[in-house]
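Q: Take a look at the following structure, please.
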Amino acid sequence: MSELLEGSQYLIKSKKTGLCLTGKPNPDRPEHGTVEMQPLREGEERQTQLWELRQGNAQGRFMLRNMQRRQSYLHPAGHSGDASTRLEEFVFEQDHADSYMWELVKETAPDGDVWTLKCVAGGRWLNVVGHSDAAGALTEIYDDPQESHVYRQWTLERVPSMASGVELPLTFSVPQEFQSLDLLASAEENTNLLLERLGQLDPPPSQEELAHAVLAQQTMYEMLTAAGAVYAGVLLAKTPGDAPPEQQRLSSAMLTVVARPSELNNEDTVTRLARTLGAIHPEAEVGVSQLPTGPVVLLTQESKVEEPVNLLANGGRPTVVRQLHVFVPIPGRLAMADFSISTENIAEWDHYVDILAGVCNTIAFT
């Protein structure tokens with residue numbers, strides 16, 4: 001594995017023992033949970049061993065959410081960064097955000113890549129208490145000397161087949177100008193279809209634009225299939241439409257709908273989600289709006305996409321992608337629909353926002 005995908009779920013296994021990082025809820029203290037090492041589990045019990053990468057407050061840092069309870073994160077007890085602090089599951093608290101953030105660093109080993117996970121608070125590493133090989137061993141943050149370095153090495157195995165496990169009982173309409181991405185087809189099949197569509201534009205895109213569009217779509221395809229997308233569509237156009245051909249450029253936007261779990265299914269869902277998103281993404285614009293179906297949460301943010309995705313201008317510098325998410329709670333279910341539009345073509349942003357608003361106004365629950 002060369003890249004980690006935000007929003008995906010992973011089994012985190014000890015390189016030394018093969019045991020999995022496992023959450024263990026505390027029935028007496030619902031906001032707490034123990035984190036220990038256990039053999040791979042089957043069925044519903046595996047949820048305790050699945051950790052979702054949630055984007056942190058800086059590039060390359062993630063929060064790790066346990067997928068059994070869906071509201072607790074890997075975290076040193078007492079928010080402490082001291083060596084030998086035991087790890088637990090705990091609900092997110094903005095005042096101690098750094099204790100929830102982990103820097104995932106890839107290391108090259110003779111038998112394949114491994115990862116080390118460094119807690120931002122204290123700068124110490126995810127480790128096994130007492131360097132134990134036994135099932136049930138607890139975990140901690142620790143400064144390992146070289147001779148026991150292997151106990152802070154982990155393999156991360158993505159589990160795409162359980163991406164969301166959420167059904168969306170709703171319908172919606174998308175403008176016919178969008179070309180749907182077949183999420184059941186292979187990446188190669190979707191690439192061939194994209195090239196065919198791009199070839200129909202007049203004037204045709206340059207080789208640089210073709211390469212950029214193909215690589216960007218392949219990256220999005222991997223992320224969407226891992227995240228549990230139920231729809232993805234691409235809008236391709238030459239803009240501005242009234243300009244001479246030599247002054248036009250390729251503009252594109254991607255519209256996606258992703259099924260996501262929700263911690264609540266009552267009137268507090270929107271308020272709590274808006275507050276949580278604002279704390280996790282302080283650089284984003286977060287608000288609440290009203291659709292015909294009820295209140296929703298809006299999140300707008302920009303992020304830099306590093307090379308090699310950016311194959312066009314700007315001398316190879318990163319390109320900026322702007323995204324708007326509309327989180328729609330599903331009545332009576334611990335689930336929500338994430339309607340999102342994203343583009344690098346910021347000049348057309350207002351137009352793309354109007355498109356997403358139009359799509360959201362067609363939502364109907366079934």
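Following the order of the structure tokens, chains are lettered A, B, ..., residues in each are numbered from 1, and ligands are numbered from 1.
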Met37 in chain A: which residues within 6 Å, counting only C-alpha atoms, same-chain residues fewer than 6 positions away excluded, as a compact mmCIF listing (two decimals) with all heavy atoms, in the first residue's frame?
A:
# COMPACT_ATOMS: atom_id res chain seq x y z
N LEU A 19 -1.29 -9.48 15.51
CA LEU A 19 -2.53 -9.19 16.22
C LEU A 19 -3.05 -7.81 15.82
O LEU A 19 -2.29 -6.94 15.41
CB LEU A 19 -2.29 -9.25 17.73
CG LEU A 19 -1.87 -10.62 18.29
CD1 LEU A 19 -1.57 -10.52 19.78
CD2 LEU A 19 -2.94 -11.67 18.03
N CYS A 20 -4.36 -7.61 15.99
CA CYS A 20 -5.02 -6.40 15.52
C CYS A 20 -5.32 -5.44 16.66
O CYS A 20 -5.73 -5.86 17.75
CB CYS A 20 -6.32 -6.75 14.82
SG CYS A 20 -6.14 -7.76 13.34
N LEU A 21 -5.18 -4.15 16.39
CA LEU A 21 -5.58 -3.12 17.33
C LEU A 21 -7.10 -3.20 17.48
O LEU A 21 -7.83 -3.10 16.50
CB LEU A 21 -5.16 -1.75 16.81
CG LEU A 21 -5.18 -0.58 17.78
CD1 LEU A 21 -4.07 -0.75 18.82
CD2 LEU A 21 -5.00 0.72 17.01
N THR A 22 -7.57 -3.36 18.72
CA THR A 22 -8.98 -3.70 18.95
C THR A 22 -9.57 -2.82 20.05
O THR A 22 -8.99 -2.69 21.13
CB THR A 22 -9.12 -5.18 19.37
OG1 THR A 22 -8.49 -6.01 18.39
CG2 THR A 22 -10.58 -5.58 19.51
N ALA A 135 -2.22 -12.16 23.15
CA ALA A 135 -3.54 -11.59 22.92
C ALA A 135 -4.03 -10.96 24.22
O ALA A 135 -3.81 -11.49 25.31
CB ALA A 135 -4.51 -12.67 22.46
N GLY A 136 -4.68 -9.80 24.10
CA GLY A 136 -5.15 -9.09 25.27
C GLY A 136 -4.17 -8.06 25.80
O GLY A 136 -4.50 -7.31 26.73
N ALA A 137 -2.95 -8.00 25.21
CA ALA A 137 -1.98 -6.99 25.63
C ALA A 137 -2.54 -5.60 25.38
O ALA A 137 -3.18 -5.34 24.35
CB ALA A 137 -0.67 -7.18 24.89
Q: Which residues come within 12 Å of Phe339 in chain A, counting only C-alpha atoms, excluding same-chain residues fewer than 2 positions away, as a PyMOL selection string?
A: chain A and resi 168+172-174+229-233+254-260+296-300+323-329+336-337+341-342+353+355-363
Q: Would you save the residues of that selection, restricted to C-alpha atoms, as a short mmCIF file (atom, residue, chain, number, x, y, z; two decimals), in the first residue's frame?
A:
data_model
loop_
_atom_site.label_atom_id
_atom_site.label_comp_id
_atom_site.auth_asym_id
_atom_site.auth_seq_id
_atom_site.Cartn_x
_atom_site.Cartn_y
_atom_site.Cartn_z
CA LEU A 168 -29.80 5.45 1.52
CA PHE A 172 -32.54 12.52 -6.34
CA SER A 173 -32.04 13.90 -9.85
CA VAL A 174 -28.79 14.95 -11.53
CA ALA A 229 -20.21 6.12 -2.69
CA VAL A 230 -23.62 5.45 -4.22
CA TYR A 231 -23.22 7.97 -7.05
CA ALA A 232 -20.40 9.81 -8.78
CA GLY A 233 -20.68 11.96 -11.88
CA MET A 254 -17.29 15.99 -9.70
CA LEU A 255 -20.61 15.39 -7.98
CA THR A 256 -20.76 12.57 -5.46
CA VAL A 257 -23.23 11.05 -3.03
CA VAL A 258 -21.77 8.99 -0.19
CA ALA A 259 -23.60 7.02 2.49
CA ARG A 260 -22.15 7.78 5.91
CA VAL A 296 -28.85 20.00 6.68
CA VAL A 297 -25.23 20.79 7.49
CA LEU A 298 -23.04 22.63 4.95
CA LEU A 299 -19.25 22.41 4.89
CA THR A 300 -17.05 24.29 2.41
CA GLN A 323 -15.44 21.22 -2.02
CA LEU A 324 -18.96 21.81 -0.78
CA HIS A 325 -20.60 19.06 1.30
CA VAL A 326 -24.29 18.92 2.15
CA PHE A 327 -24.93 16.40 4.94
CA VAL A 328 -28.53 15.19 4.86
CA PRO A 329 -29.74 13.19 7.91
CA MET A 336 -26.79 10.46 6.53
CA ALA A 337 -26.20 11.23 2.86
CA ILE A 341 -19.35 18.85 -5.40
CA SER A 342 -15.63 19.51 -5.92
CA VAL A 353 -22.77 25.56 -6.10
CA ILE A 355 -25.89 22.86 -9.53
CA LEU A 356 -25.49 21.11 -6.18
CA ALA A 357 -28.31 23.19 -4.68
CA GLY A 358 -30.56 22.12 -7.53
CA VAL A 359 -29.71 18.45 -6.98
CA CYS A 360 -30.38 18.68 -3.23
CA ASN A 361 -33.76 20.29 -3.83
CA THR A 362 -34.83 17.12 -5.69
CA ILE A 363 -34.12 14.79 -2.73
#
Q: Can you work out the spacing between CA of Val214 in chain A and CA of Gln200 in chain A in Å, to one decimal?
A: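 For CA of Val214 in chain A relative to CA of Gln200 in chain A, the distance reads 15.2 Å.
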Q: Please determine, counting only C-alpha atoms, which residue among A:Ser252, A:Thr116, A:Asn127, A:Thr343 has the shortest atom-to-atom distance to Ser84 in chain A.
A: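 Looking at the shortest contact to Ser84 in chain A, the residue is A:Asn127.
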Q: Taking 4 positions as the minimum chain separation for residues in the same chain, which residues sit within 9 Å of Gln301 in chain A when counting only C-alpha atoms? Answer as a PyMOL selection string.
A: chain A and resi 281+283-286+321-325
Q: Write out as a ChimeraX atom specification each polymer residue whose atoms come within 9 Å of range 193-195 of chain A, counting only C-alpha atoms; drop sequence neighbours fewer than 6 positions from it.
A: /A:179,181,210,213-214,217
Q: Tell me, which residues of range 6-200 of chain A carry DSSP strand (DSSP E), written as number ranges by chain?
A: A: 9-14, 20-25, 32-38, 50-55, 61-66, 73-76, 85-90, 102-109, 112-119, 125-128, 139-142, 154-158, 170-171, 179-180
Q: Which of these, A:Arg69, A:Arg61, A:Lys24, A:Lys15, has the shortest distance to Glu36 in chain A once you count only C-alpha atoms?
A: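 The answer is A:Lys24, which sits nearest to Glu36 in chain A.
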Q: Can you tell me which residues surround Val120 in chain A at a distance of at most 8 Å, considering only C-alpha atoms, apart from same-chain residues fewer than 2 positions away, and format the answer as a PyMOL selection string?
A: chain A and resi 98-103+118+122-124
Q: Restricting the output to N, CA and C atoms, write the selected residues as a compact mmCIF listing (two decimals), in the first residue's frame.
A:
# COMPACT_ATOMS: atom_id res chain seq x y z
N ASP A 98 -4.96 17.86 19.86
CA ASP A 98 -3.70 17.22 19.47
C ASP A 98 -3.59 15.80 20.00
N SER A 99 -4.26 15.49 21.11
CA SER A 99 -4.16 14.13 21.65
C SER A 99 -4.95 13.12 20.82
N TYR A 100 -5.80 13.60 19.91
CA TYR A 100 -6.54 12.71 19.02
C TYR A 100 -5.86 12.56 17.66
N MET A 101 -4.86 13.37 17.40
CA MET A 101 -4.22 13.41 16.08
C MET A 101 -3.02 12.48 16.03
N TRP A 102 -2.94 11.73 14.94
CA TRP A 102 -1.83 10.80 14.74
C TRP A 102 -1.16 11.10 13.41
N GLU A 103 0.15 11.16 13.44
CA GLU A 103 0.94 11.32 12.22
C GLU A 103 1.36 9.93 11.76
N LYS A 118 2.51 8.19 15.22
CA LYS A 118 3.01 9.08 16.25
C LYS A 118 1.92 10.01 16.73
N GLY A 122 2.83 15.04 22.54
CA GLY A 122 3.97 14.34 23.11
C GLY A 122 4.94 13.77 22.10
N GLY A 123 4.48 13.53 20.86
CA GLY A 123 5.38 13.03 19.82
C GLY A 123 5.87 11.61 20.05
N ARG A 124 5.07 10.79 20.75
CA ARG A 124 5.48 9.40 21.01
C ARG A 124 4.66 8.44 20.17
Q: Hey, what does DSSP flag as helix (DSSP H, G or I) within range 261-291 of chain A? Can you give it to me as a ChimeraX atom specification?
A: /A:269-280
Q: Using only C-alpha atoms, pick whichever of A:Ser148, A:Thr155, A:Thr139, A:Gln68 has the shortest atom-to-atom distance to Leu11 in chain A.
A: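 Looking at the shortest contact to Leu11 in chain A, the residue is A:Thr155.
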Q: Could you check how far CA of Ser72 in chain A sits from CA of Val150 in chain A, in Å to one decimal?
A: 27.2 Å
Q: With distances taken over only C-alpha atoms, which of A:Pro295, A:Thr17, A:Pro282, A:Gly130 is nearest to Val270 in chain A?
A: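 Checking each candidate against Val270 in chain A, we get A:Pro295 as the closest.
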Q: So how far away is CA of Thr191 in chain A from CA of Pro204 in chain A, in Å?
A: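 CA of Thr191 in chain A lies 16.5 Å from CA of Pro204 in chain A.
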